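Below is coords_17.cif, holding mmCIF, C-alpha atoms and all ligand atoms.
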```
data_target
#
loop_
_atom_site.label_atom_id
_atom_site.label_comp_id
_atom_site.auth_asym_id
_atom_site.auth_seq_id
_atom_site.Cartn_x
_atom_site.Cartn_y
_atom_site.Cartn_z
CA MET K 1 -55.88 -117.40 132.18
CA THR K 2 -58.18 -120.44 132.21
CA ARG K 3 -56.44 -123.64 133.28
CA HIS K 4 -58.77 -126.08 131.53
CA LEU K 5 -59.86 -126.37 127.91
CA TYR K 6 -62.83 -128.46 126.78
CA VAL K 7 -63.32 -129.24 123.07
CA HIS K 8 -66.66 -130.70 121.94
CA VAL K 9 -67.03 -133.10 119.01
CA PRO K 10 -70.77 -133.78 118.58
CA PHE K 11 -70.77 -136.61 116.00
CA CYS K 12 -72.09 -140.10 116.83
CA ALA K 13 -72.93 -143.17 114.76
CA HIS K 14 -76.22 -143.57 116.61
CA ARG K 15 -77.96 -141.61 119.31
CA CYS K 16 -78.17 -143.88 122.38
CA GLY K 17 -81.65 -143.70 123.90
CA TYR K 18 -80.51 -142.41 127.31
CA CYS K 19 -78.10 -139.73 126.04
CA ASP K 20 -78.76 -136.05 126.69
CA PHE K 21 -75.49 -134.59 125.37
CA VAL K 22 -75.19 -132.29 122.33
CA THR K 23 -74.80 -134.87 119.56
CA VAL K 24 -75.70 -135.37 115.90
CA THR K 25 -75.75 -138.55 113.84
CA GLY K 26 -74.63 -138.74 110.21
CA HIS K 27 -73.16 -135.44 108.97
CA GLU K 28 -70.09 -137.21 107.52
CA ASP K 29 -69.87 -134.40 104.97
CA VAL K 30 -69.33 -131.65 107.56
CA ARG K 31 -66.94 -133.37 109.95
CA ALA K 32 -63.76 -132.06 108.28
CA ARG K 33 -65.33 -128.56 108.14
CA TYR K 34 -66.18 -128.81 111.81
CA VAL K 35 -62.57 -129.68 112.63
CA ASP K 36 -61.46 -126.63 110.62
CA ALA K 37 -63.79 -124.50 112.74
CA LEU K 38 -62.45 -126.01 115.99
CA VAL K 39 -58.89 -125.36 114.85
CA ALA K 40 -59.79 -121.72 114.12
CA GLU K 41 -61.42 -121.35 117.53
CA VAL K 42 -58.48 -122.97 119.33
CA GLN K 43 -56.05 -120.64 117.57
CA ARG K 44 -58.12 -117.59 118.42
CA ALA K 45 -58.39 -118.60 122.08
CA GLU K 46 -54.59 -118.55 122.55
CA ALA K 47 -55.10 -120.75 125.61
CA ALA K 48 -52.24 -122.24 127.62
CA PRO K 49 -54.16 -124.78 129.69
CA GLU K 50 -52.91 -127.40 132.12
CA THR K 51 -55.52 -129.88 130.92
CA ILE K 52 -57.52 -130.46 127.75
CA PHE K 53 -60.55 -132.72 127.41
CA VAL K 54 -61.83 -133.59 123.94
CA GLY K 55 -65.32 -134.94 124.60
CA GLY K 56 -68.49 -135.72 122.77
CA GLY K 57 -70.35 -137.03 121.13
CA THR K 58 -67.73 -139.37 119.80
CA PRO K 59 -64.40 -137.65 119.07
CA SER K 60 -62.95 -140.99 117.96
CA ILE K 61 -65.48 -141.18 115.11
CA LEU K 62 -63.50 -138.50 113.26
CA ALA K 63 -61.44 -139.72 110.32
CA ASP K 64 -57.85 -140.34 111.38
CA ARG K 65 -56.56 -137.33 109.41
CA ASP K 66 -59.16 -134.98 110.93
CA LEU K 67 -58.46 -136.21 114.45
CA ALA K 68 -54.72 -135.76 113.82
CA ARG K 69 -55.30 -132.18 112.58
CA LEU K 70 -57.37 -131.35 115.61
CA LEU K 71 -54.82 -132.76 118.05
CA ALA K 72 -51.96 -130.98 116.28
CA ALA K 73 -53.78 -127.64 116.71
CA LEU K 74 -54.21 -128.03 120.48
CA PRO K 75 -51.78 -126.26 122.79
CA ALA K 76 -49.39 -128.42 124.81
CA ALA K 77 -50.90 -129.53 128.13
CA ALA K 78 -49.92 -131.83 130.98
CA GLU K 79 -53.09 -133.93 130.56
CA VAL K 80 -54.90 -134.40 127.25
CA THR K 81 -57.95 -136.68 127.37
CA VAL K 82 -59.97 -137.92 124.39
CA GLU K 83 -63.30 -139.72 124.75
CA CYS K 84 -63.49 -142.80 122.56
CA ASN K 85 -66.21 -145.31 121.76
CA PRO K 86 -64.76 -148.84 121.76
CA GLU K 87 -65.90 -149.82 118.26
CA THR K 88 -63.97 -146.88 116.75
CA VAL K 89 -60.60 -147.77 118.30
CA THR K 90 -58.30 -149.25 115.65
CA PRO K 91 -54.50 -149.52 115.90
CA ALA K 92 -54.22 -146.62 113.41
CA LYS K 93 -56.58 -144.42 115.44
CA ALA K 94 -54.71 -145.26 118.64
CA ARG K 95 -51.42 -144.19 117.01
CA VAL K 96 -53.03 -140.90 115.95
CA LEU K 97 -53.94 -140.34 119.61
CA VAL K 98 -50.46 -141.03 120.98
CA GLU K 99 -48.68 -139.12 118.22
CA GLY K 100 -51.08 -136.22 118.84
CA GLY K 101 -49.97 -135.95 122.48
CA VAL K 102 -52.98 -137.63 124.09
CA THR K 103 -52.11 -138.85 127.60
CA ARG K 104 -55.49 -140.18 128.67
CA VAL K 105 -58.34 -141.99 126.96
CA SER K 106 -61.82 -142.26 128.38
CA LEU K 107 -63.50 -145.29 126.89
CA GLY K 108 -67.29 -145.57 127.02
CA ALA K 109 -67.77 -149.21 127.98
CA GLN K 110 -71.05 -148.78 129.94
CA SER K 111 -71.51 -152.54 130.44
CA PHE K 112 -70.06 -155.91 129.45
CA ARG K 113 -73.46 -157.66 129.44
CA PRO K 114 -74.78 -157.99 125.86
CA HIS K 115 -78.45 -157.64 126.87
CA LEU K 116 -77.71 -154.42 128.77
CA LEU K 117 -75.65 -153.02 125.88
CA ASP K 118 -78.74 -153.69 123.74
CA VAL K 119 -81.04 -151.84 126.16
CA LEU K 120 -78.60 -148.91 126.11
CA GLU K 121 -78.50 -149.11 122.29
CA ARG K 122 -74.73 -149.42 122.31
CA ARG K 123 -72.89 -150.49 119.18
CA ALA K 124 -69.83 -152.07 120.83
CA ARG K 125 -69.92 -155.71 121.98
CA PRO K 126 -67.93 -156.79 125.09
CA GLU K 127 -65.12 -158.23 122.99
CA GLN K 128 -64.75 -154.86 121.20
CA ILE K 129 -64.38 -153.10 124.55
CA ARG K 130 -61.64 -155.54 125.56
CA SER K 131 -59.95 -155.20 122.19
CA ALA K 132 -59.99 -151.37 122.46
CA VAL K 133 -58.34 -151.57 125.89
CA ARG K 134 -55.64 -153.88 124.48
CA ILE K 135 -54.96 -151.61 121.49
CA LEU K 136 -54.75 -148.47 123.63
CA ARG K 137 -52.37 -150.15 126.06
CA GLU K 138 -50.19 -151.45 123.22
CA VAL K 139 -49.63 -147.96 121.81
CA GLY K 140 -48.74 -146.69 125.29
CA ILE K 141 -51.64 -144.47 126.37
CA GLU K 142 -50.55 -143.39 129.86
CA SER K 143 -53.91 -143.38 131.60
CA LEU K 144 -57.04 -145.26 130.68
CA ASN K 145 -60.54 -144.68 132.03
CA LEU K 146 -63.56 -146.94 131.57
CA ASP K 147 -67.06 -145.47 131.89
CA LEU K 148 -69.69 -147.78 133.39
CA ILE K 149 -73.42 -147.19 133.84
CA PHE K 150 -75.46 -149.01 136.49
CA GLY K 151 -79.19 -149.14 137.19
CA VAL K 152 -79.87 -150.15 133.57
CA PRO K 153 -83.33 -151.63 132.85
CA GLY K 154 -83.08 -155.40 133.19
CA GLN K 155 -79.88 -155.30 135.26
CA SER K 156 -79.72 -157.84 138.08
CA GLY K 157 -77.31 -157.90 141.01
CA ALA K 158 -75.46 -160.69 139.20
CA ASP K 159 -75.17 -158.51 136.07
CA LEU K 160 -73.65 -155.72 138.14
CA ARG K 161 -71.17 -158.09 139.78
CA ALA K 162 -70.21 -159.44 136.34
CA ASP K 163 -69.62 -155.90 135.04
CA LEU K 164 -67.46 -155.03 138.04
CA ALA K 165 -65.48 -158.25 137.63
CA ALA K 166 -64.97 -157.48 133.93
CA VAL K 167 -63.68 -154.01 134.80
CA ALA K 168 -61.38 -155.35 137.52
CA ALA K 169 -59.97 -157.92 135.08
CA LEU K 170 -59.05 -155.15 132.62
CA ALA K 171 -57.48 -153.11 135.44
CA PRO K 172 -57.96 -149.62 133.95
CA ASP K 173 -56.26 -146.71 135.72
CA HIS K 174 -59.56 -144.96 136.34
CA VAL K 175 -63.23 -145.93 136.46
CA SER K 176 -66.25 -143.62 136.21
CA ALA K 177 -69.38 -145.45 137.40
CA TYR K 178 -72.57 -143.50 136.78
CA GLU K 179 -76.11 -144.19 137.93
CA LEU K 180 -78.25 -144.22 134.81
CA GLU K 181 -80.11 -140.93 134.52
CA ALA K 182 -83.25 -141.20 132.43
CA LYS K 183 -84.90 -137.90 131.58
CA PRO K 184 -88.69 -137.83 132.01
CA GLY K 185 -90.54 -137.56 128.70
CA THR K 186 -87.82 -139.21 126.59
CA ARG K 187 -88.33 -142.21 124.30
CA PHE K 188 -86.07 -144.25 126.60
CA THR K 189 -88.07 -143.44 129.75
CA HIS K 190 -91.32 -144.17 127.97
CA ARG K 191 -90.07 -147.56 126.83
CA HIS K 192 -88.49 -148.65 130.12
CA GLY K 193 -90.60 -146.74 132.67
CA ARG K 194 -91.64 -149.60 134.94
CA GLU K 195 -88.24 -151.25 134.92
CA LEU K 196 -86.58 -147.88 135.65
CA GLY K 197 -88.73 -147.68 138.77
CA ARG K 198 -87.52 -151.10 139.91
CA GLN K 199 -83.91 -150.11 139.23
CA ALA K 200 -84.35 -146.90 141.24
CA GLU K 201 -85.22 -149.04 144.28
CA ALA K 202 -82.07 -151.13 143.82
CA MET K 203 -79.80 -148.13 143.13
CA GLU K 204 -78.54 -147.56 146.68
CA ALA K 205 -77.52 -151.19 147.10
CA TYR K 206 -75.92 -151.18 143.64
CA TYR K 207 -73.96 -148.04 144.46
CA GLU K 208 -72.66 -149.62 147.68
CA GLU K 209 -71.60 -152.68 145.72
CA VAL K 210 -69.80 -150.55 143.12
CA VAL K 211 -67.87 -148.65 145.80
CA ALA K 212 -67.00 -151.75 147.86
CA THR K 213 -65.87 -153.77 144.84
CA LEU K 214 -63.75 -151.05 143.25
CA ARG K 215 -62.16 -150.14 146.56
CA GLY K 216 -61.48 -153.83 147.17
CA ALA K 217 -59.71 -153.87 143.79
CA GLY K 218 -57.39 -151.06 144.94
CA TYR K 219 -59.13 -147.96 143.57
CA ARG K 220 -59.54 -144.71 145.51
CA TRP K 221 -63.14 -143.45 145.58
CA TYR K 222 -62.04 -139.85 145.06
CA GLU K 223 -65.30 -138.38 143.76
CA THR K 224 -68.95 -139.46 144.00
CA ALA K 225 -68.81 -141.42 140.73
CA ASN K 226 -65.06 -141.65 140.14
CA PHE K 227 -62.35 -144.10 141.17
CA CYS K 228 -58.65 -144.14 140.39
CA ARG K 229 -55.35 -145.77 141.01
CA PRO K 230 -52.86 -143.47 142.79
CA GLY K 231 -51.80 -140.62 140.52
CA HIS K 232 -54.52 -141.26 137.94
CA GLU K 233 -57.13 -138.71 139.06
CA CYS K 234 -58.66 -136.89 136.09
CA ARG K 235 -57.01 -133.48 136.54
CA HIS K 236 -59.42 -131.89 134.09
CA ASN K 237 -62.53 -132.95 135.97
CA LEU K 238 -60.82 -132.11 139.29
CA GLY K 239 -60.59 -128.59 137.90
CA TYR K 240 -64.40 -128.49 137.50
CA TRP K 241 -64.99 -129.95 140.95
CA LEU K 242 -62.57 -127.47 142.54
CA GLY K 243 -64.37 -124.56 140.88
CA HIS K 244 -61.58 -123.50 138.50
CA ASP K 245 -62.39 -121.44 135.42
CA TYR K 246 -62.59 -123.36 132.14
CA LEU K 247 -62.96 -122.57 128.48
CA GLY K 248 -65.25 -124.61 126.20
CA ILE K 249 -64.82 -124.73 122.45
CA GLY K 250 -67.20 -126.21 119.90
CA VAL K 251 -70.91 -126.53 119.40
CA GLY K 252 -72.85 -126.60 122.69
CA ALA K 253 -69.66 -126.14 124.75
CA VAL K 254 -69.82 -124.25 128.05
CA SER K 255 -67.22 -121.86 129.50
CA THR K 256 -67.07 -120.40 132.98
CA VAL K 257 -64.69 -117.51 133.52
CA GLY K 258 -65.13 -115.59 136.75
CA LEU K 259 -68.85 -114.90 137.08
CA GLU K 260 -69.56 -115.26 133.38
CA ARG K 261 -71.00 -118.50 132.02
CA ARG K 262 -71.10 -118.78 128.23
CA ARG K 263 -73.00 -121.57 126.50
CA ASN K 264 -72.34 -122.02 122.80
CA ARG K 265 -75.69 -122.73 121.13
CA PRO K 266 -76.24 -126.34 120.05
CA GLY K 267 -77.01 -125.76 116.33
CA LEU K 268 -74.25 -127.13 114.12
CA ARG K 269 -75.01 -124.96 111.10
CA GLY K 270 -75.07 -121.69 113.07
CA TYR K 271 -71.78 -122.65 114.71
CA LEU K 272 -70.05 -123.44 111.42
CA GLU K 273 -71.32 -120.36 109.61
CA ALA K 274 -70.27 -118.01 112.39
CA VAL K 275 -66.77 -119.43 112.81
CA GLU K 276 -66.22 -119.60 109.04
CA ALA K 277 -67.18 -115.93 108.81
CA GLY K 278 -64.49 -115.13 111.39
CA MET K 279 -67.08 -114.36 114.09
CA ARG K 280 -67.61 -115.78 117.56
CA PRO K 281 -70.06 -118.73 117.66
CA PRO K 282 -73.65 -117.95 118.72
CA VAL K 283 -73.67 -117.98 122.51
CA ASP K 284 -75.95 -117.47 125.49
CA VAL K 285 -74.30 -115.56 128.31
CA GLU K 286 -75.38 -115.84 131.93
CA LEU K 287 -73.98 -113.66 134.67
CA LEU K 288 -73.71 -115.60 137.91
CA THR K 289 -73.91 -113.93 141.28
CA PRO K 290 -71.04 -114.60 143.70
CA ASP K 291 -73.52 -116.64 145.81
CA GLU K 292 -74.53 -118.79 142.83
CA ARG K 293 -70.89 -119.47 141.97
CA GLY K 294 -70.16 -120.18 145.64
CA THR K 295 -73.09 -122.59 145.89
CA GLU K 296 -71.84 -124.47 142.84
CA ARG K 297 -68.40 -124.57 144.40
CA LEU K 298 -69.87 -126.14 147.57
CA MET K 299 -71.97 -128.66 145.67
CA LEU K 300 -69.05 -129.80 143.53
CA GLY K 301 -66.33 -129.59 146.18
CA LEU K 302 -68.25 -131.79 148.60
CA ARG K 303 -68.27 -134.58 146.02
CA LEU K 304 -64.55 -135.09 146.66
CA ASP K 305 -63.00 -137.31 149.33
CA VAL K 306 -60.93 -134.45 150.76
CA PRO K 307 -62.33 -131.74 153.10
CA LEU K 308 -63.52 -128.55 151.44
CA GLU K 309 -61.97 -125.36 152.89
CA LEU K 310 -64.95 -123.07 153.42
CA ASN K 311 -63.20 -119.68 153.59
CA GLY K 312 -65.72 -117.25 152.05
CA LEU K 313 -68.25 -120.04 151.45
CA ALA K 314 -69.21 -120.37 155.13
CA VAL K 315 -72.01 -117.78 154.73
CA LEU K 316 -73.73 -120.10 152.23
CA VAL K 317 -73.95 -122.94 154.73
CA ASP K 318 -76.94 -123.38 157.06
CA ASP K 319 -75.22 -123.90 160.44
CA GLU K 320 -78.20 -125.60 162.09
CA ALA K 321 -78.70 -128.02 159.18
CA CYS K 322 -74.98 -128.71 159.29
CA GLU K 323 -75.15 -129.58 162.99
CA ARG K 324 -78.13 -131.89 162.37
CA MET K 325 -76.28 -133.64 159.53
CA ALA K 326 -73.14 -133.92 161.66
CA ALA K 327 -75.19 -135.45 164.51
CA ALA K 328 -76.68 -137.91 162.00
CA GLY K 329 -73.14 -138.95 161.02
CA MET K 330 -73.37 -137.50 157.49
CA LEU K 331 -70.67 -134.84 157.66
CA VAL K 332 -67.80 -133.45 159.69
CA ARG K 333 -67.18 -129.73 160.16
CA GLU K 334 -63.89 -128.70 161.73
CA ASP K 335 -61.25 -125.98 161.42
CA GLY K 336 -63.21 -124.10 158.76
CA SER K 337 -63.62 -127.10 156.50
CA LEU K 338 -66.49 -129.41 155.62
CA ALA K 339 -66.35 -133.03 154.52
CA LEU K 340 -68.94 -135.73 153.99
CA THR K 341 -68.53 -138.94 155.97
CA GLU K 342 -68.59 -142.32 154.28
CA ARG K 343 -72.36 -142.58 154.87
CA GLY K 344 -72.86 -138.98 153.75
CA ARG K 345 -71.07 -139.67 150.49
CA PHE K 346 -73.60 -142.33 149.55
CA LEU K 347 -76.37 -139.77 150.04
CA ALA K 348 -74.30 -136.85 148.77
CA ASN K 349 -76.98 -135.04 146.76
CA ASP K 350 -79.48 -135.01 149.62
CA VAL K 351 -76.92 -134.14 152.29
CA VAL K 352 -75.40 -131.28 150.29
CA ALA K 353 -78.84 -129.90 149.33
CA SER K 354 -79.91 -129.89 152.97
CA VAL K 355 -76.93 -127.86 154.25
CA LEU K 356 -77.13 -125.11 151.64
CA ARG K 357 -78.79 -121.89 152.73
C1 LIG K 401 -70.28 -137.50 127.03
S1 LIG K 401 -70.69 -139.18 127.28
C2 LIG K 401 -70.10 -139.80 125.78
C3 LIG K 401 -68.95 -140.68 125.60
C4 LIG K 401 -69.00 -141.61 124.42
N1 LIG K 401 -69.64 -141.08 123.29
C5 LIG K 401 -69.73 -142.89 124.77
O1 LIG K 401 -70.92 -142.93 124.66
O2 LIG K 401 -69.05 -143.84 125.14
C6 LIG K 401 -69.63 -139.61 128.60
C7 LIG K 401 -70.20 -140.64 129.53
O3 LIG K 401 -71.34 -140.16 130.20
C8 LIG K 401 -72.09 -141.26 130.66
N2 LIG K 401 -73.50 -140.99 130.40
C9 LIG K 401 -74.04 -140.45 129.29
N3 LIG K 401 -75.38 -140.35 129.41
C10 LIG K 401 -75.70 -140.83 130.65
C11 LIG K 401 -76.91 -141.00 131.37
N4 LIG K 401 -78.08 -140.65 130.84
N5 LIG K 401 -76.86 -141.54 132.62
C12 LIG K 401 -75.67 -141.89 133.16
N6 LIG K 401 -74.51 -141.76 132.51
C13 LIG K 401 -74.50 -141.24 131.28
C14 LIG K 401 -71.61 -142.49 129.92
O4 LIG K 401 -70.95 -143.35 130.80
C15 LIG K 401 -70.66 -141.91 128.88
O5 LIG K 401 -69.60 -142.75 128.58
S1 LIG K 402 -72.31 -142.56 121.62
FE1 LIG K 402 -72.05 -141.45 123.56
S2 LIG K 402 -72.37 -139.29 123.11
FE2 LIG K 402 -73.13 -140.48 121.36
S3 LIG K 402 -75.30 -140.74 121.73
FE3 LIG K 402 -74.29 -142.53 122.62
S4 LIG K 402 -73.86 -141.95 124.77
FE4 LIG K 402 -74.35 -140.07 123.66
#
```

Exercise: express the given structure as structure tokens:
Amino acid sequence: MTRHLYVHVPFCAHRCGYCDFVTVTGHEDVRARYVDALVAEVQRAEAAPETIFVGGGTPSILADRDLARLLAALPAAAEVTVECNPETVTPAKARVLVEGGVTRVSLGAQSFRPHLLDVLERRARPEQIRSAVRILREVGIESLNLDLIFGVPGQSGADLRADLAAVAALAPDHVSAYELEAKPGTRFTHRHGRELGRQAEAMEAYYEEVVATLRGAGYRWYETANFCRPGHECRHNLGYWLGHDYLGIGVGAVSTVGLERRRNRPGLRGYLEAVEAGMRPPVDVELLTPDERGTERLMLGLRLDVPLELNGLAVLVDDEACERMAAAGMLVREDGSLALTERGRFLANDVVASVLR
């Protein structure tokens, strides 16, 4: 039985230039139909998960009645997260969330600096982010995450400090702080190429500032890009990082069960037509080898701030590279476990890549 259920809602008001997720703009006329299809898929799955994550896209763009229907169809779970864009959070929507059993909201703030929100093509203004936080707190959402992006074209050190101060003032339970990833060949990269290069040079210092400031504000740096107050880890994402199986429902959603990885195709029409005909959605299936799954497990597990028990994974680790990295103060290997040091965590991608066989 899979312990984690992901539900994808692809609709957005506007496609932000940097975004590479499965999203569609417009399509108001098919949103209710899409929710019907999700409900049918959820019922067919008969899942009994510990955690559910409704992500997007913009799940909170759904009409209140559609969002309520979707939430009512989900199985009970200890943690139910919904991703929301600040400008869509009204008191009525927030009540739908709480009444639908949502325990956690992940709010896409990205920045509190108007010129950076413009570069990112975000709709919400800083005051709308603050208002969304207030509304969600008033209705009693148990756990609130804010997403931040740093390394944005035009961002100065002072901008970053202002963003971190704005986050600290709102005191969310959880913060995800992502380095901006700009895909080569996209409109965004074309437009901001030179400035992206300058940001890349500043990234390491920015990352150190993010970690130091959030830790100073009382957050635990429990994963490469994630920070929480005690007891507010995202259990759903911890499931991914710990290599648990998960089931994905909706257009473009991914499932991993044992060695089978299933990717629902991204086309909305094909998805709707298949589910409405009582069939499984169009899917691409990949069979992973035990080594591939083990390598993923290592790469994800080493992102956490607790040692990774190697057990059967030890054969995937290059012992000599490990010793070199340990001598360089990047990792610690003892009693069959592996953990990155503080310095190693800042260079996690490179350190982990270098110790894999
Ligand atoms: C699935 S996205 C969408 C959530 C929501 N629609 C929004 O935009 O606020 C979840 C988070 O991923 C992060 N993200 C998306 N694209 C990114 C990129 N290219 N680089 C870094 N972070 C990104 C953002 O912080 C975003 O809030
Ligand atoms: S609102 Fe979120 S999911 Fe939609 S395009 Fe923007 S970043 Fe992507």

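Of the listed residues (K:Pro91, K:Gly193, K:Pro59, K:Pro307), K:Pro59 comes nearest to ligand LIG 401 (chain K); the distances count only C-alpha atoms and all ligand atoms.
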
**Request:** Identify, on the basis of only C-alpha atoms, every residue whose closest approach to K:Leu347 does not exceed 12 Å; exclude the query and any residue fewer than 3 positions from it along the same chain; express the result as a VMD selection string.
**Result:** chain K and resid 203 to 205 207 to 208 224 302 to 303 325 329 to 331 340 to 344 350 to 354

**Message:** I'd like the contact shell of K:Gly250 - 12 Å cut-off, all atoms listed in the file, skipping same-chain residues fewer than 5 positions apart - returned as number ranges by chain.
**Reply:** K: 5-11, 22-23, 34-42, 45, 53-57, 59, 70, 255, 262-272, 274-275, 280-283

**Item:** Near-ligand residues for ligand LIG 401 (chain K), threshold 7 Å, only C-alpha atoms and all ligand atoms, as a PyMOL selection string
**Value:** chain K and resi 12+18-21+55-58+83-85+107-110+147-149+178-182

**Asked** So, counting all atoms listed in the file, which residue among K:Leu170, K:Val119, K:Ala165, K:Leu146 is closest to K:His192?
**Response** K:Val119

**Prompt:** So which one's closest to K:Ala162, K:Glu320, K:Asp305, K:Glu209, K:Asp284? Using only C-alpha atoms, please.
**Reply:**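 For K:Ala162, the nearest of the candidates is K:Glu209.
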
**Counting only C-alpha atoms and all ligand atoms, the option among K:Thr51, K:Thr256, K:Asn237, K:Ser60 closest to ligand LIG 402 (chain K)** =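 For ligand LIG 402 (chain K), the nearest of the candidates is K:Ser60.
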
Assuming the input is short of atoms at stretch 152-163 of chain K, produce N, CA and C atoms for that part as a PDB file, in the frame of the given file.
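File produced: part-v6.pdb:
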```pdb
ATOM      1  N   VAL K 152     -79.328-150.024 134.935  1.00  0.00           N
ATOM      2  CA  VAL K 152     -79.870-150.150 133.570  1.00  0.00           C
ATOM      3  C   VAL K 152     -81.094-151.074 133.601  1.00  0.00           C
ATOM      4  N   PRO K 153     -82.159-150.743 132.876  1.00  0.00           N
ATOM      5  CA  PRO K 153     -83.330-151.630 132.850  1.00  0.00           C
ATOM      6  C   PRO K 153     -82.922-153.073 132.551  1.00  0.00           C
ATOM      7  N   GLY K 154     -83.388-153.984 133.395  1.00  0.00           N
ATOM      8  CA  GLY K 154     -83.080-155.400 133.190  1.00  0.00           C
ATOM      9  C   GLY K 154     -81.824-155.845 133.916  1.00  0.00           C
ATOM     10  N   GLN K 155     -81.133-154.926 134.589  1.00  0.00           N
ATOM     11  CA  GLN K 155     -79.880-155.300 135.260  1.00  0.00           C
ATOM     12  C   GLN K 155     -80.180-155.983 136.595  1.00  0.00           C
ATOM     13  N   SER K 156     -79.579-157.139 136.804  1.00  0.00           N
ATOM     14  CA  SER K 156     -79.720-157.840 138.080  1.00  0.00           C
ATOM     15  C   SER K 156     -78.455-157.598 138.903  1.00  0.00           C
ATOM     16  N   GLY K 157     -78.510-157.991 140.166  1.00  0.00           N
ATOM     17  CA  GLY K 157     -77.310-157.900 141.010  1.00  0.00           C
ATOM     18  C   GLY K 157     -76.177-158.703 140.394  1.00  0.00           C
ATOM     19  N   ALA K 158     -76.510-159.850 139.808  1.00  0.00           N
ATOM     20  CA  ALA K 158     -75.460-160.690 139.200  1.00  0.00           C
ATOM     21  C   ALA K 158     -74.860-159.990 137.985  1.00  0.00           C
ATOM     22  N   ASP K 159     -75.702-159.273 137.217  1.00  0.00           N
ATOM     23  CA  ASP K 159     -75.170-158.510 136.070  1.00  0.00           C
ATOM     24  C   ASP K 159     -74.174-157.463 136.551  1.00  0.00           C
ATOM     25  N   LEU K 160     -74.541-156.768 137.631  1.00  0.00           N
ATOM     26  CA  LEU K 160     -73.650-155.720 138.140  1.00  0.00           C
ATOM     27  C   LEU K 160     -72.323-156.330 138.582  1.00  0.00           C
ATOM     28  N   ARG K 161     -72.410-157.455 139.309  1.00  0.00           N
ATOM     29  CA  ARG K 161     -71.170-158.090 139.780  1.00  0.00           C
ATOM     30  C   ARG K 161     -70.315-158.535 138.586  1.00  0.00           C
ATOM     31  N   ALA K 162     -70.973-159.018 137.529  1.00  0.00           N
ATOM     32  CA  ALA K 162     -70.210-159.440 136.340  1.00  0.00           C
ATOM     33  C   ALA K 162     -69.534-158.243 135.677  1.00  0.00           C
ATOM     34  N   ASP K 163     -70.228-157.109 135.626  1.00  0.00           N
ATOM     35  CA  ASP K 163     -69.620-155.900 135.040  1.00  0.00           C
ATOM     36  C   ASP K 163     -68.410-155.462 135.862  1.00  0.00           C
TER      37      ASP K 163
END
```
